[in-house]
>>> print(open('start.cif').read())   # mmCIF, N, CA and C atoms
data_coords
#
loop_
_atom_site.label_atom_id
_atom_site.label_comp_id
_atom_site.auth_asym_id
_atom_site.auth_seq_id
_atom_site.Cartn_x
_atom_site.Cartn_y
_atom_site.Cartn_z
N MET T 22 10.75 102.22 200.20
CA MET T 22 9.76 102.86 201.03
C MET T 22 8.53 101.95 201.13
N THR T 23 7.78 102.13 202.19
CA THR T 23 6.63 101.28 202.43
C THR T 23 5.32 102.02 202.16
N GLY T 24 4.21 101.31 202.33
CA GLY T 24 2.92 101.96 202.25
C GLY T 24 2.30 101.98 200.87
N PHE T 25 2.71 101.09 199.98
CA PHE T 25 2.17 101.06 198.63
C PHE T 25 0.85 100.32 198.67
N THR T 26 -0.24 101.04 198.90
CA THR T 26 -1.56 100.44 199.02
C THR T 26 -2.23 100.31 197.66
N LEU T 27 -3.32 99.56 197.64
CA LEU T 27 -4.06 99.38 196.40
C LEU T 27 -4.56 100.71 195.86
N LYS T 28 -5.04 101.59 196.74
CA LYS T 28 -5.52 102.90 196.31
C LYS T 28 -4.39 103.69 195.65
N LYS T 29 -3.21 103.69 196.27
CA LYS T 29 -2.07 104.39 195.67
C LYS T 29 -1.69 103.76 194.34
N ALA T 30 -1.74 102.44 194.27
CA ALA T 30 -1.39 101.75 193.02
C ALA T 30 -2.35 102.14 191.90
N LEU T 31 -3.62 102.24 192.21
CA LEU T 31 -4.59 102.63 191.19
C LEU T 31 -4.38 104.07 190.73
N VAL T 32 -4.15 104.96 191.67
CA VAL T 32 -3.88 106.36 191.32
C VAL T 32 -2.61 106.45 190.48
N PHE T 33 -1.58 105.73 190.90
CA PHE T 33 -0.33 105.72 190.16
C PHE T 33 -0.54 105.22 188.73
N ALA T 34 -1.28 104.12 188.58
CA ALA T 34 -1.53 103.56 187.26
C ALA T 34 -2.26 104.56 186.37
N LEU T 35 -3.25 105.24 186.94
CA LEU T 35 -4.00 106.24 186.17
C LEU T 35 -3.09 107.40 185.75
N LEU T 36 -2.30 107.93 186.69
CA LEU T 36 -1.39 109.02 186.35
C LEU T 36 -0.38 108.60 185.29
N LEU T 37 0.16 107.41 185.44
CA LEU T 37 1.13 106.92 184.47
C LEU T 37 0.50 106.77 183.09
N LEU T 38 -0.70 106.22 183.05
CA LEU T 38 -1.40 106.05 181.78
C LEU T 38 -1.66 107.41 181.12
N LEU T 39 -2.13 108.39 181.90
CA LEU T 39 -2.38 109.72 181.35
C LEU T 39 -1.09 110.38 180.88
N PHE T 40 -0.03 110.22 181.66
CA PHE T 40 1.25 110.83 181.28
C PHE T 40 1.80 110.22 180.01
N VAL T 41 1.81 108.90 179.93
CA VAL T 41 2.34 108.22 178.75
C VAL T 41 1.49 108.53 177.52
N ALA T 42 0.17 108.54 177.70
CA ALA T 42 -0.73 108.82 176.57
C ALA T 42 -0.55 110.23 176.04
N SER T 43 -0.20 111.16 176.91
CA SER T 43 -0.06 112.55 176.47
C SER T 43 1.33 112.85 175.92
N ASN T 44 2.26 111.93 176.04
CA ASN T 44 3.61 112.14 175.53
C ASN T 44 3.74 111.56 174.13
N ALA T 45 4.42 112.28 173.28
CA ALA T 45 4.63 111.81 171.92
C ALA T 45 5.92 111.01 171.79
N VAL T 46 6.69 110.89 172.87
CA VAL T 46 7.96 110.18 172.80
C VAL T 46 7.73 108.67 172.80
N ALA T 47 8.65 107.94 172.21
CA ALA T 47 8.52 106.50 172.10
C ALA T 47 8.74 105.81 173.44
N GLU T 48 9.59 106.37 174.25
CA GLU T 48 9.90 105.74 175.54
C GLU T 48 9.73 106.76 176.66
N THR T 49 9.00 106.40 177.68
CA THR T 49 8.79 107.29 178.82
C THR T 49 9.41 106.64 180.04
N ARG T 50 10.28 107.39 180.73
CA ARG T 50 10.93 106.89 181.94
C ARG T 50 10.34 107.62 183.14
N VAL T 51 9.89 106.86 184.13
CA VAL T 51 9.25 107.42 185.31
C VAL T 51 9.97 106.91 186.55
N MET T 52 10.23 107.81 187.48
CA MET T 52 10.79 107.47 188.79
C MET T 52 9.67 107.65 189.81
N VAL T 53 9.56 106.71 190.74
CA VAL T 53 8.50 106.75 191.75
C VAL T 53 9.12 106.69 193.14
N ALA T 54 8.63 107.53 194.04
CA ALA T 54 9.01 107.47 195.46
C ALA T 54 7.73 107.60 196.27
N THR T 55 7.68 106.94 197.40
CA THR T 55 6.48 106.98 198.23
C THR T 55 6.85 107.07 199.70
N ASP T 56 5.98 107.70 200.47
CA ASP T 56 6.11 107.77 201.92
C ASP T 56 7.46 108.33 202.38
N LEU T 57 7.78 109.53 201.91
CA LEU T 57 9.04 110.17 202.32
C LEU T 57 9.04 110.49 203.82
N HIS T 58 7.91 110.91 204.35
CA HIS T 58 7.80 111.33 205.75
C HIS T 58 8.89 112.35 206.10
N TYR T 59 9.08 113.31 205.22
CA TYR T 59 10.12 114.33 205.38
C TYR T 59 9.73 115.31 206.50
N ILE T 60 10.71 115.64 207.34
CA ILE T 60 10.52 116.68 208.35
C ILE T 60 11.64 117.70 208.19
N SER T 61 11.27 118.96 208.15
CA SER T 61 12.24 120.03 208.01
C SER T 61 13.21 120.02 209.19
N PRO T 62 14.50 120.14 208.93
CA PRO T 62 15.48 120.18 210.03
C PRO T 62 15.23 121.34 211.00
N SER T 63 14.51 122.36 210.55
CA SER T 63 14.22 123.49 211.44
C SER T 63 13.18 123.12 212.50
N LEU T 64 12.57 121.94 212.39
CA LEU T 64 11.56 121.51 213.35
C LEU T 64 12.09 120.55 214.42
N TYR T 65 13.36 120.24 214.37
CA TYR T 65 13.92 119.40 215.41
C TYR T 65 15.40 119.71 215.58
N GLU T 66 15.88 119.46 216.75
CA GLU T 66 17.29 119.66 217.01
C GLU T 66 18.05 118.42 216.55
N ALA T 67 19.20 118.62 215.94
CA ALA T 67 20.01 117.49 215.49
C ALA T 67 20.25 116.55 216.66
N GLY T 68 20.07 115.28 216.41
CA GLY T 68 20.26 114.29 217.45
C GLY T 68 19.08 114.14 218.38
N GLU T 69 17.95 114.78 218.07
CA GLU T 69 16.78 114.69 218.93
C GLU T 69 16.40 113.22 219.10
N ARG T 70 16.52 112.73 220.31
CA ARG T 70 16.36 111.30 220.59
C ARG T 70 14.96 110.77 220.32
N ARG T 71 13.94 111.60 220.51
CA ARG T 71 12.58 111.09 220.26
C ARG T 71 12.36 110.75 218.80
N LEU T 72 12.95 111.52 217.90
CA LEU T 72 12.81 111.19 216.49
C LEU T 72 13.59 109.94 216.14
N GLN T 73 14.76 109.77 216.74
CA GLN T 73 15.53 108.55 216.51
C GLN T 73 14.80 107.34 217.10
N ALA T 74 14.19 107.51 218.27
CA ALA T 74 13.45 106.43 218.91
C ALA T 74 12.25 106.01 218.07
N SER T 75 11.69 106.93 217.31
CA SER T 75 10.57 106.60 216.43
C SER T 75 10.96 105.48 215.47
N ALA T 76 12.18 105.52 214.99
CA ALA T 76 12.64 104.49 214.07
C ALA T 76 12.86 103.16 214.78
N LEU T 77 13.32 103.21 216.00
CA LEU T 77 13.65 101.98 216.71
C LEU T 77 12.46 101.33 217.39
N TYR T 78 11.58 102.13 217.99
CA TYR T 78 10.52 101.57 218.82
C TYR T 78 9.12 101.93 218.36
N GLY T 79 9.02 102.74 217.36
CA GLY T 79 7.71 103.23 216.95
C GLY T 79 7.27 102.65 215.63
N ASP T 80 7.09 103.54 214.68
CA ASP T 80 6.47 103.18 213.41
C ASP T 80 7.47 102.87 212.30
N GLY T 81 8.75 102.87 212.60
CA GLY T 81 9.75 102.54 211.59
C GLY T 81 10.20 103.69 210.73
N LYS T 82 9.60 104.87 210.89
CA LYS T 82 10.04 106.05 210.14
C LYS T 82 11.39 106.47 210.70
N MET T 83 12.19 107.11 209.87
CA MET T 83 13.50 107.60 210.30
C MET T 83 13.60 109.09 210.01
N PRO T 84 12.79 109.89 210.71
CA PRO T 84 12.73 111.32 210.41
C PRO T 84 14.06 112.05 210.61
N HIS T 85 14.88 111.58 211.52
CA HIS T 85 16.16 112.25 211.77
C HIS T 85 17.12 112.11 210.59
N ARG T 86 16.76 111.31 209.59
CA ARG T 86 17.59 111.16 208.38
C ARG T 86 16.87 111.65 207.13
N SER T 87 15.69 112.22 207.30
CA SER T 87 14.88 112.56 206.13
C SER T 87 15.51 113.64 205.26
N ASP T 88 16.24 114.58 205.86
CA ASP T 88 16.87 115.63 205.05
C ASP T 88 17.94 115.04 204.13
N ALA T 89 18.74 114.14 204.66
CA ALA T 89 19.77 113.48 203.84
C ALA T 89 19.13 112.65 202.74
N TRP T 90 18.03 111.97 203.05
CA TRP T 90 17.35 111.17 202.04
C TRP T 90 16.75 112.05 200.96
N LEU T 91 16.19 113.19 201.34
CA LEU T 91 15.63 114.10 200.35
C LEU T 91 16.72 114.60 199.42
N ARG T 92 17.87 114.99 199.97
CA ARG T 92 18.99 115.43 199.12
C ARG T 92 19.40 114.31 198.17
N GLY T 93 19.41 113.08 198.67
CA GLY T 93 19.74 111.94 197.81
C GLY T 93 18.73 111.74 196.70
N LEU T 94 17.45 111.92 197.01
CA LEU T 94 16.41 111.79 195.99
C LEU T 94 16.58 112.85 194.91
N VAL T 95 16.86 114.08 195.32
CA VAL T 95 17.06 115.16 194.35
C VAL T 95 18.25 114.83 193.44
N MET T 96 19.36 114.44 194.04
CA MET T 96 20.56 114.12 193.24
C MET T 96 20.32 112.94 192.31
N GLU T 97 19.64 111.90 192.81
CA GLU T 97 19.39 110.72 191.98
C GLU T 97 18.42 111.03 190.85
N ALA T 98 17.38 111.79 191.13
CA ALA T 98 16.42 112.15 190.08
C ALA T 98 17.12 112.96 188.98
N ILE T 99 17.93 113.92 189.37
CA ILE T 99 18.63 114.73 188.37
C ILE T 99 19.63 113.88 187.59
N ALA T 100 20.32 112.97 188.27
CA ALA T 100 21.30 112.10 187.59
C ALA T 100 20.61 111.13 186.64
N GLN T 101 19.47 110.56 187.05
CA GLN T 101 18.77 109.58 186.22
C GLN T 101 17.98 110.25 185.09
N ALA T 102 17.58 111.50 185.31
CA ALA T 102 16.84 112.29 184.32
C ALA T 102 15.62 111.57 183.74
N PRO T 103 14.70 111.11 184.61
CA PRO T 103 13.48 110.51 184.07
C PRO T 103 12.59 111.59 183.46
N ASP T 104 11.59 111.16 182.72
CA ASP T 104 10.63 112.12 182.18
C ASP T 104 9.76 112.70 183.28
N ALA T 105 9.51 111.88 184.31
CA ALA T 105 8.66 112.33 185.41
C ALA T 105 9.09 111.66 186.71
N LEU T 106 8.87 112.38 187.81
CA LEU T 106 9.02 111.85 189.16
C LEU T 106 7.65 111.90 189.79
N ILE T 107 7.17 110.76 190.28
CA ILE T 107 5.88 110.70 190.95
C ILE T 107 6.12 110.43 192.43
N LEU T 108 5.65 111.35 193.28
CA LEU T 108 5.73 111.17 194.74
C LEU T 108 4.34 110.80 195.22
N MET T 109 4.25 109.67 195.87
CA MET T 109 2.94 109.16 196.28
C MET T 109 2.82 109.10 197.79
N GLY T 110 1.92 109.89 198.33
CA GLY T 110 1.49 109.81 199.71
C GLY T 110 2.52 110.10 200.78
N ASP T 111 2.07 110.76 201.82
CA ASP T 111 2.86 111.03 203.03
C ASP T 111 4.24 111.61 202.71
N GLN T 112 4.22 112.73 202.02
CA GLN T 112 5.48 113.44 201.75
C GLN T 112 6.08 114.01 203.03
N SER T 113 5.22 114.52 203.93
CA SER T 113 5.70 115.16 205.16
C SER T 113 5.55 114.22 206.35
N TYR T 114 6.28 114.53 207.40
CA TYR T 114 6.23 113.71 208.61
C TYR T 114 4.84 113.73 209.22
N ASN T 115 4.31 114.94 209.46
CA ASN T 115 2.96 115.06 210.03
C ASN T 115 2.20 116.27 209.49
N GLY T 116 2.51 116.72 208.29
CA GLY T 116 1.78 117.83 207.70
C GLY T 116 2.28 119.20 208.10
N GLU T 117 3.54 119.30 208.45
CA GLU T 117 4.11 120.58 208.86
C GLU T 117 4.27 121.51 207.66
N VAL T 118 3.86 122.77 207.82
CA VAL T 118 4.00 123.75 206.76
C VAL T 118 5.47 123.88 206.35
N LEU T 119 6.37 123.98 207.32
CA LEU T 119 7.79 124.12 206.99
C LEU T 119 8.33 122.93 206.22
N SER T 120 7.87 121.74 206.56
CA SER T 120 8.32 120.55 205.83
C SER T 120 7.84 120.60 204.38
N HIS T 121 6.60 121.03 204.17
CA HIS T 121 6.07 121.15 202.81
C HIS T 121 6.84 122.20 202.03
N ARG T 122 7.17 123.31 202.65
CA ARG T 122 7.91 124.37 201.94
C ARG T 122 9.32 123.90 201.58
N ASP T 123 10.01 123.25 202.51
CA ASP T 123 11.35 122.74 202.21
C ASP T 123 11.30 121.70 201.09
N LEU T 124 10.31 120.82 201.17
CA LEU T 124 10.15 119.80 200.14
C LEU T 124 9.86 120.45 198.79
N SER T 125 9.03 121.48 198.79
CA SER T 125 8.72 122.20 197.55
C SER T 125 9.98 122.80 196.93
N ASP T 126 10.84 123.36 197.77
CA ASP T 126 12.11 123.92 197.27
C ASP T 126 12.96 122.83 196.62
N ALA T 127 13.02 121.66 197.24
CA ALA T 127 13.80 120.56 196.69
C ALA T 127 13.21 120.08 195.37
N LEU T 128 11.89 120.01 195.31
CA LEU T 128 11.24 119.57 194.07
C LEU T 128 11.43 120.59 192.95
N ALA T 129 11.56 121.86 193.31
CA ALA T 129 11.82 122.90 192.31
C ALA T 129 13.16 122.66 191.62
N GLU T 130 14.14 122.14 192.36
CA GLU T 130 15.44 121.79 191.76
C GLU T 130 15.27 120.71 190.70
N ILE T 131 14.42 119.73 191.01
CA ILE T 131 14.17 118.64 190.06
C ILE T 131 13.45 119.18 188.84
N GLN T 132 12.45 120.04 189.05
CA GLN T 132 11.73 120.63 187.92
C GLN T 132 12.64 121.49 187.06
N ALA T 133 13.58 122.20 187.70
CA ALA T 133 14.51 123.05 186.96
C ALA T 133 15.40 122.22 186.03
N ALA T 134 15.55 120.93 186.35
CA ALA T 134 16.32 120.02 185.50
C ALA T 134 15.47 119.46 184.37
N GLY T 135 14.23 119.94 184.22
CA GLY T 135 13.37 119.52 183.13
C GLY T 135 12.57 118.26 183.41
N ILE T 136 12.43 117.89 184.67
CA ILE T 136 11.70 116.68 185.06
C ILE T 136 10.33 117.08 185.58
N LEU T 137 9.29 116.48 185.03
CA LEU T 137 7.94 116.72 185.50
C LEU T 137 7.79 116.07 186.87
N VAL T 138 7.25 116.81 187.86
CA VAL T 138 7.04 116.28 189.20
C VAL T 138 5.54 116.22 189.47
N LEU T 139 5.06 115.03 189.80
CA LEU T 139 3.65 114.82 190.14
C LEU T 139 3.60 114.37 191.60
N VAL T 140 2.71 115.00 192.39
CA VAL T 140 2.63 114.71 193.82
C VAL T 140 1.21 114.29 194.18
N ILE T 141 1.11 113.17 194.88
CA ILE T 141 -0.17 112.70 195.41
C ILE T 141 -0.07 112.80 196.93
N SER T 142 -0.89 113.64 197.54
CA SER T 142 -0.83 113.83 198.98
C SER T 142 -1.39 112.61 199.71
N GLY T 143 -0.88 112.41 200.92
CA GLY T 143 -1.36 111.32 201.76
C GLY T 143 -1.95 111.87 203.05
N LYS T 144 -2.41 110.99 203.91
CA LYS T 144 -3.07 111.40 205.15
C LYS T 144 -2.14 112.20 206.06
N ASN T 145 -0.86 111.89 206.09
CA ASN T 145 0.08 112.65 206.91
C ASN T 145 0.27 114.07 206.40
N ASP T 146 0.02 114.28 205.14
CA ASP T 146 0.28 115.58 204.52
C ASP T 146 -0.80 116.62 204.78
N ILE T 147 -2.04 116.20 204.91
CA ILE T 147 -3.12 117.19 204.93
C ILE T 147 -4.10 117.05 206.08
N ASN T 148 -4.14 115.94 206.78
CA ASN T 148 -5.19 115.71 207.77
C ASN T 148 -4.71 115.72 209.21
N ASN T 149 -3.59 116.29 209.50
CA ASN T 149 -3.05 116.26 210.85
C ASN T 149 -3.01 117.67 211.42
N ASP T 150 -3.76 117.89 212.49
CA ASP T 150 -3.74 119.22 213.11
C ASP T 150 -2.99 119.24 214.44
N ASN T 151 -2.31 118.15 214.77
CA ASN T 151 -1.50 118.06 215.99
C ASN T 151 -0.04 117.96 215.59
N VAL T 152 0.51 119.07 215.10
CA VAL T 152 1.86 119.09 214.54
C VAL T 152 2.82 119.72 215.54
N LEU T 153 3.99 119.10 215.68
CA LEU T 153 4.95 119.55 216.69
C LEU T 153 6.31 119.84 216.09
N ALA T 154 7.04 120.71 216.77
CA ALA T 154 8.47 120.88 216.57
C ALA T 154 9.13 120.21 217.77
N TYR T 155 10.12 119.40 217.50
CA TYR T 155 10.73 118.57 218.54
C TYR T 155 12.03 119.21 219.01
N GLN T 156 12.02 119.73 220.23
CA GLN T 156 13.18 120.40 220.80
C GLN T 156 13.57 119.70 222.10
N SER T 157 14.82 119.77 222.46
CA SER T 157 15.28 119.07 223.66
C SER T 157 14.62 119.60 224.93
N GLU T 158 14.24 120.89 224.95
CA GLU T 158 13.59 121.46 226.14
C GLU T 158 12.09 121.16 226.18
N GLY T 159 11.57 120.56 225.11
CA GLY T 159 10.16 120.19 225.08
C GLY T 159 9.56 120.44 223.71
N ASP T 160 8.50 119.73 223.42
CA ASP T 160 7.82 119.89 222.13
C ASP T 160 7.01 121.17 222.13
N VAL T 161 6.96 121.82 220.97
CA VAL T 161 6.15 123.01 220.80
C VAL T 161 5.29 122.84 219.56
N SER T 162 4.16 123.50 219.55
CA SER T 162 3.24 123.42 218.42
C SER T 162 3.87 124.06 217.18
N ALA T 163 3.59 123.48 216.02
CA ALA T 163 4.07 124.02 214.75
C ALA T 163 2.87 124.16 213.80
N ASP T 164 3.02 124.99 212.77
CA ASP T 164 1.95 125.19 211.80
C ASP T 164 1.72 123.93 210.98
N SER T 165 0.45 123.61 210.80
CA SER T 165 0.05 122.46 210.01
C SER T 165 -0.68 122.93 208.76
N VAL T 166 -0.52 122.21 207.66
CA VAL T 166 -1.27 122.56 206.47
C VAL T 166 -2.75 122.28 206.66
N ALA T 167 -3.13 121.51 207.68
CA ALA T 167 -4.54 121.24 207.96
C ALA T 167 -5.25 122.49 208.47
N VAL T 168 -4.52 123.39 209.14
CA VAL T 168 -5.13 124.59 209.69
C VAL T 168 -4.54 125.87 209.12
N HIS T 169 -3.45 125.77 208.39
CA HIS T 169 -2.75 126.93 207.86
C HIS T 169 -2.96 126.97 206.35
N ARG T 170 -3.59 127.97 205.87
CA ARG T 170 -3.83 128.09 204.43
C ARG T 170 -2.87 129.11 203.85
N TYR T 171 -2.13 128.70 202.82
CA TYR T 171 -1.20 129.61 202.15
C TYR T 171 -1.26 129.44 200.67
#
>>> encode(input="start.cif", output="structure tokens")
Amino acid sequence: MTGFTLKKALVFALLLLLFVASNAVAETRVMVATDLHYISPSLYEAGERRLQASALYGDGKMPHRSDAWLRGLVMEAIAQAPDALILMGDQSYNGEVLSHRDLSDALAEIQAAGILVLVISGKNDINNDNVLAYQSEGDVSADSVAVHRY
């Protein structure tokens, strides 16, 4: 994944230091993922060409595959069984409430396996109030965490 900025690196280092310092175990294993850009499948129709075009001609994100990647992350985290999983920045595609809820459900599976999950929000997660659901008949507005409080 891309987007590992100096600010994220410093936050990561601080979290890792605090986590390791607070653990009494001799060895601490940490898994890190960044910039998931996850979009809930309920917000786009399978095969939606605009999301696929985003990967080819836009910003390099591959939102039409994000659900499969999230499932892979859950399975890999559970299989590797680290002490902690740290997700850094831009968990959601554009701050969609449904994407955050689906992601939360997936992270609950990881937590149920006894893995501590730490999340650092990014600009895509909280500062976007122009959120869309992508449908073949046209884009429609969707709830954003920037304007929707739950």
>>> atom_distance(input="start.cif", atom1="atom C of Ala105 in chain T", atom2="CA of Arg50 in chain T")
7.0 Å
>>> residues_around(input="start.cif", residues="Val95 in chain T", least_positions_apart="3", cutoff="8 Å", atoms="all atoms listed in the file", output="JSON, numbers by chain")
{"T": [89, 90, 91, 92, 98, 99, 100, 101, 127, 128, 130, 131]}
>>> write_last_selection(input="start.cif", atoms="N, CA and C atoms", output="mmCIF file, in the frame of the given file")
data_model
loop_
_atom_site.group_PDB
_atom_site.id
_atom_site.type_symbol
_atom_site.label_atom_id
_atom_site.label_comp_id
_atom_site.auth_asym_id
_atom_site.auth_seq_id
_atom_site.Cartn_x
_atom_site.Cartn_y
_atom_site.Cartn_z
ATOM 1 N N ALA T 89 18.740 114.140 204.660
ATOM 2 C CA ALA T 89 19.770 113.480 203.840
ATOM 3 C C ALA T 89 19.130 112.650 202.740
ATOM 4 N N TRP T 90 18.030 111.970 203.050
ATOM 5 C CA TRP T 90 17.350 111.170 202.040
ATOM 6 C C TRP T 90 16.750 112.050 200.960
ATOM 7 N N LEU T 91 16.190 113.190 201.340
ATOM 8 C CA LEU T 91 15.630 114.100 200.350
ATOM 9 C C LEU T 91 16.720 114.600 199.420
ATOM 10 N N ARG T 92 17.870 114.990 199.970
ATOM 11 C CA ARG T 92 18.990 115.430 199.120
ATOM 12 C C ARG T 92 19.400 114.310 198.170
ATOM 13 N N ALA T 98 17.380 111.790 191.130
ATOM 14 C CA ALA T 98 16.420 112.150 190.080
ATOM 15 C C ALA T 98 17.120 112.960 188.980
ATOM 16 N N ILE T 99 17.930 113.920 189.370
ATOM 17 C CA ILE T 99 18.630 114.730 188.370
ATOM 18 C C ILE T 99 19.630 113.880 187.590
ATOM 19 N N ALA T 100 20.320 112.970 188.270
ATOM 20 C CA ALA T 100 21.300 112.100 187.590
ATOM 21 C C ALA T 100 20.610 111.130 186.640
ATOM 22 N N GLN T 101 19.470 110.560 187.050
ATOM 23 C CA GLN T 101 18.770 109.580 186.220
ATOM 24 C C GLN T 101 17.980 110.250 185.090
ATOM 25 N N ALA T 127 13.020 121.660 197.240
ATOM 26 C CA ALA T 127 13.800 120.560 196.690
ATOM 27 C C ALA T 127 13.210 120.080 195.370
ATOM 28 N N LEU T 128 11.890 120.010 195.310
ATOM 29 C CA LEU T 128 11.240 119.570 194.070
ATOM 30 C C LEU T 128 11.430 120.590 192.950
ATOM 31 N N GLU T 130 14.140 122.140 192.360
ATOM 32 C CA GLU T 130 15.440 121.790 191.760
ATOM 33 C C GLU T 130 15.270 120.710 190.700
ATOM 34 N N ILE T 131 14.420 119.730 191.010
ATOM 35 C CA ILE T 131 14.170 118.640 190.060
ATOM 36 C C ILE T 131 13.450 119.180 188.840
#
>>> atom_distance(input="start.cif", atom1="atom C of Pro62 in chain T", atom2="atom N of Gln112 in chain T")
16.6 Å
>>> atom_distance(input="start.cif", atom1="atom C of Val51 in chain T", atom2="atom C of Pro103 in chain T")
6.2 Å
>>> resolve_selection(input="start.cif", expression="the PyMOL selection byres ((chain T and resi 53) around 6.5)", output="list in words")
Val51, Met52, Ala54, Thr55, Ala105, Leu106, Ile107, Leu108 and Met109 of chain T
>>> closest_residue(input="start.cif", among="T:Tyr65, T:Ile141, T:Ile147, T:Leu36", to="Gly110 in chain T", atoms="all atoms listed in the file")
T:Ile141
>>> residues_around(input="start.cif", residues="Asp111 in chain T", least_positions_apart="5", cutoff="6 Å", atoms="all atoms listed in the file", output="PyMOL selection string")
chain T and resi 56-59+141-146
>>> closest_residue(input="start.cif", among="T:Arg86, T:Thr49, T:Ser61, T:Glu97", to="His121 in chain T", atoms="only N, CA and C atoms")
T:Ser61
>>> closest_residue(input="start.cif", among="T:Ser125, T:Ser87, T:Met96, T:Leu39", to="Val138 in chain T", atoms="only C-alpha atoms")
T:Ser125
>>> closest_residue(input="start.cif", among="T:Ile136, T:Leu124, T:Leu64, T:Val118", to="Asp104 in chain T", atoms="only C-alpha atoms")
T:Ile136
>>> decode(input="start.cif", residues="range 102-113 of chain T", atoms="N, CA and C atoms", output="JSON list (two decimals), in the first residue's frame")
[["chain", "number", "residue", "atom", "x", "y", "z"],
["T", 102, "ALA", "N", -1.66, -14.12, 13.44],
["T", 102, "ALA", "CA", -1.87, -13.91, 14.88],
["T", 102, "ALA", "C", -0.84, -12.96, 15.51],
["T", 103, "PRO", "N", -0.72, -11.73, 14.96],
["T", 103, "PRO", "CA", 0.17, -10.77, 15.61],
["T", 103, "PRO", "C", -0.44, -10.30, 16.93],
["T", 104, "ASP", "N", 0.37, -9.64, 17.73],
["T", 104, "ASP", "CA", -0.15, -9.07, 18.97],
["T", 104, "ASP", "C", -1.06, -7.88, 18.67],
["T", 105, "ALA", "N", -0.75, -7.18, 17.57],
["T", 105, "ALA", "CA", -1.55, -6.00, 17.21],
["T", 105, "ALA", "C", -1.56, -5.83, 15.70],
["T", 106, "LEU", "N", -2.66, -5.26, 15.22],
["T", 106, "LEU", "CA", -2.79, -4.81, 13.83],
["T", 106, "LEU", "C", -2.97, -3.31, 13.88],
["T", 107, "ILE", "N", -2.12, -2.58, 13.17],
["T", 107, "ILE", "CA", -2.23, -1.13, 13.12],
["T", 107, "ILE", "C", -2.65, -0.74, 11.70],
["T", 108, "LEU", "N", -3.80, -0.06, 11.60],
["T", 108, "LEU", "CA", -4.28, 0.46, 10.31],
["T", 108, "LEU", "C", -4.03, 1.96, 10.31],
["T", 109, "MET", "N", -3.28, 2.40, 9.32],
["T", 109, "MET", "CA", -2.88, 3.80, 9.28],
["T", 109, "MET", "C", -3.47, 4.51, 8.08],
["T", 110, "GLY", "N", -4.32, 5.48, 8.34],
["T", 110, "GLY", "CA", -4.81, 6.43, 7.35],
["T", 110, "GLY", "C", -5.63, 5.88, 6.22],
["T", 111, "ASP", "N", -6.64, 6.64, 5.84],
["T", 111, "ASP", "CA", -7.48, 6.37, 4.67],
["T", 111, "ASP", "C", -8.00, 4.93, 4.64],
["T", 112, "GLN", "N", -8.70, 4.57, 5.70],
["T", 112, "GLN", "CA", -9.34, 3.26, 5.73],
["T", 112, "GLN", "C", -10.48, 3.17, 4.71],
["T", 113, "SER", "N", -11.24, 4.26, 4.55],
["T", 113, "SER", "CA", -12.39, 4.25, 3.64],
["T", 113, "SER", "C", -12.05, 4.94, 2.33]]
